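See structure below.
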Amino acid sequence: MLYRKYIKRLIDIIISLTAIILLSPVLIVLALLVRIKLGSPVLFRQQRPGYHGKIFGMMKFRTMTDEKDENGELLPDEVRLTPFGKKLRSTSLDELPEFFNILKGDMSFVGPRPLLVQYLPLYNEEQAHRHDVLPGLTGWAQVNGRNAISWEKKFEYDVWYTRNISFLLDMKIVFMTVGRVLKRDGISSETSATMEFFTGTREE
């Protein structure tokens, strides 16, 4: 309980502040590359639910264009996701601005990934427990398949994490994340450039 309530937040502050300082040259270079290759805005900001479903603005480097069809609707992700954007995602470099979310307290370094606001009413009672902790930059579901596993399996991993938080588990997830990023595992699902939309779990 002490780790979950106090120490984890202290570690998040130290890690995020250190990362922002040390990676500032990388952040600047990436921002310039995104501006040149994808245009403005450089950062992609999206409303996401956090702790207890509280909405916050999550920041990432932009990876897709704003191309639209003749009706003014955005084209599918796989069309708007550029080769440069794919590289950013496969290396997880697009996630670096989230260190500012962590420093602010909207996120933690380790926790269930913050998903779309529109999913909130679709969770069943068990799945909703993924919001019992701060969302994370990486998490137990990310190191166990990321976008290559089903939504149900992903939520199962998320909820398991919320009930088993510990310093050792967080360290294990961090080291496993490094390995996953280097291997570039689970970036996409089998049928989509990113991940299919969650439409709810059918109750048996």
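For the structure tokens, the naming scheme is as follows: chains receive sequential letters (A, B, ...) according to their order of presentation, residues are indexed from 1 within each chain, and ligands are indexed from 1 in presentation order.
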
Spatial neighbours of Lys154 (chain A), 12 Å, only C-alpha atoms, chain gap at least 6 places, as a tab-separated table (two decimals) with N, CA, C and O atoms, in the first residue's frame:
```tsv
chain	number	residue	atom	x	y	z
A	112	PRO	N	-2.17	0.49	-16.82
A	112	PRO	CA	-2.97	0.20	-18.01
A	112	PRO	C	-2.93	1.38	-18.99
A	112	PRO	O	-3.01	2.54	-18.56
A	113	ARG	N	-2.81	1.10	-20.26
A	113	ARG	CA	-2.77	2.19	-21.23
A	113	ARG	C	-4.08	2.97	-21.25
A	113	ARG	O	-5.17	2.38	-21.18
A	115	LEU	N	-7.11	4.49	-22.85
A	115	LEU	CA	-7.80	4.23	-24.12
A	115	LEU	C	-8.76	5.36	-24.46
A	115	LEU	O	-8.67	6.45	-23.91
A	127	GLN	N	-13.99	-5.20	-16.19
A	127	GLN	CA	-13.07	-4.43	-17.03
A	127	GLN	C	-12.89	-3.00	-16.54
A	127	GLN	O	-11.82	-2.41	-16.69
A	130	ARG	N	-9.87	-1.45	-14.51
A	130	ARG	CA	-8.59	-1.00	-15.07
A	130	ARG	C	-8.35	0.47	-14.74
A	130	ARG	O	-7.23	0.96	-14.82
A	139	GLY	N	2.62	-1.05	-19.75
A	139	GLY	CA	1.83	-1.82	-18.79
A	139	GLY	C	1.94	-3.31	-19.00
A	139	GLY	O	2.61	-3.78	-19.93
A	140	TRP	N	1.28	-4.08	-18.15
A	140	TRP	CA	1.32	-5.52	-18.20
A	140	TRP	C	0.75	-6.06	-19.50
A	140	TRP	O	1.26	-7.03	-20.06
A	141	ALA	N	-0.29	-5.42	-20.02
A	141	ALA	CA	-0.85	-5.86	-21.31
A	141	ALA	C	0.12	-5.55	-22.45
A	141	ALA	O	0.21	-6.32	-23.41
A	142	GLN	N	0.85	-4.44	-22.35
A	142	GLN	CA	1.77	-4.06	-23.42
A	142	GLN	C	2.92	-5.05	-23.55
A	142	GLN	O	3.39	-5.32	-24.66
A	143	VAL	N	3.40	-5.58	-22.44
A	143	VAL	CA	4.52	-6.52	-22.51
A	143	VAL	C	4.04	-7.95	-22.72
A	143	VAL	O	4.85	-8.88	-22.80
A	144	ASN	N	2.73	-8.14	-22.80
A	144	ASN	CA	2.16	-9.47	-23.04
A	144	ASN	C	1.34	-9.52	-24.32
A	144	ASN	O	0.36	-10.25	-24.41
A	145	GLY	N	1.73	-8.70	-25.30
A	145	GLY	CA	1.06	-8.77	-26.59
A	145	GLY	C	0.69	-7.46	-27.22
A	145	GLY	O	0.50	-7.37	-28.43
A	146	ARG	N	0.50	-6.41	-26.40
A	146	ARG	CA	0.15	-5.08	-26.90
A	146	ARG	C	-1.06	-5.16	-27.83
A	146	ARG	O	-2.11	-5.62	-27.45
A	147	ASN	N	-0.93	-4.71	-29.08
A	147	ASN	CA	-2.08	-4.68	-30.00
A	147	ASN	C	-2.33	-6.01	-30.70
A	147	ASN	O	-3.28	-6.13	-31.48
A	148	ALA	N	-1.49	-7.02	-30.44
A	148	ALA	CA	-1.64	-8.31	-31.12
A	148	ALA	C	-2.56	-9.27	-30.36
A	148	ALA	O	-2.81	-10.38	-30.82
A	160	TRP	N	-5.62	-7.45	-13.72
A	160	TRP	CA	-4.70	-8.23	-12.90
A	160	TRP	C	-3.61	-7.33	-12.33
A	160	TRP	O	-3.25	-7.44	-11.16
A	161	TYR	N	-3.10	-6.42	-13.16
A	161	TYR	CA	-2.06	-5.50	-12.70
A	161	TYR	C	-2.56	-4.62	-11.56
A	161	TYR	O	-1.85	-4.43	-10.56
A	186	GLY	N	4.14	-6.74	-31.43
A	186	GLY	CA	2.77	-6.40	-31.09
A	186	GLY	C	2.33	-4.99	-31.41
A	186	GLY	O	1.41	-4.47	-30.79
A	195	MET	N	-5.20	-0.90	-33.92
A	195	MET	CA	-6.03	-1.84	-33.17
A	195	MET	C	-7.48	-1.56	-33.52
A	195	MET	O	-7.88	-0.41	-33.62
A	198	PHE	N	-12.92	-1.11	-29.91
A	198	PHE	CA	-13.58	-1.97	-28.94
A	198	PHE	C	-15.08	-1.67	-29.00
A	198	PHE	O	-15.51	-0.52	-28.93
```

Task: Nearest residue to Ile20 (chain A) from the set A:Met59, A:Pro97, A:Glu70, A:Gln47 (distances using only C-alpha atoms) - done: A:Pro97

Task: DSSP helix (DSSP H, G or I) selection over chain A, as a VMD selection string - done: chain A and resid 2 to 22 24 to 38 51 to 53 77 to 80 83 to 90 93 to 95 98 to 104 117 to 122 127 to 132 142 to 144 146 to 148 151 to 162 167 to 183

Open item on the list: Nearest residue to Arg9 (chain A) out of A:Gly111, A:Pro83, A:Gly53, A:Pro41, using only C-alpha atoms?
Closed with: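 Among A:Gly111, A:Pro83, A:Gly53, A:Pro41, it is A:Gly111 that comes nearest to Arg9 (chain A).
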
Task: 9 Å contact set for region 98-109 of chain A, only C-alpha atoms, chain neighbours under 5 positions out, as a count of residues only - done: 29

Open item on the list: Using only C-alpha atoms, which protein or nucleic acid residues come within 10 Å of Leu88 (chain A)? Drop anything in the same chain fewer than 3 positions from it, and give the result as a PyMOL selection string.
Closed with: chain A and resi 30+34+61-63+82-85+91-95

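Across the structure, CA of Val159 (chain A) and CA of Val178 (chain A) are spaced 22.1 Å apart.
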
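Picture a line from CA of Leu38 (chain A) to CA of Leu81 (chain A); it runs 10.1 Å.
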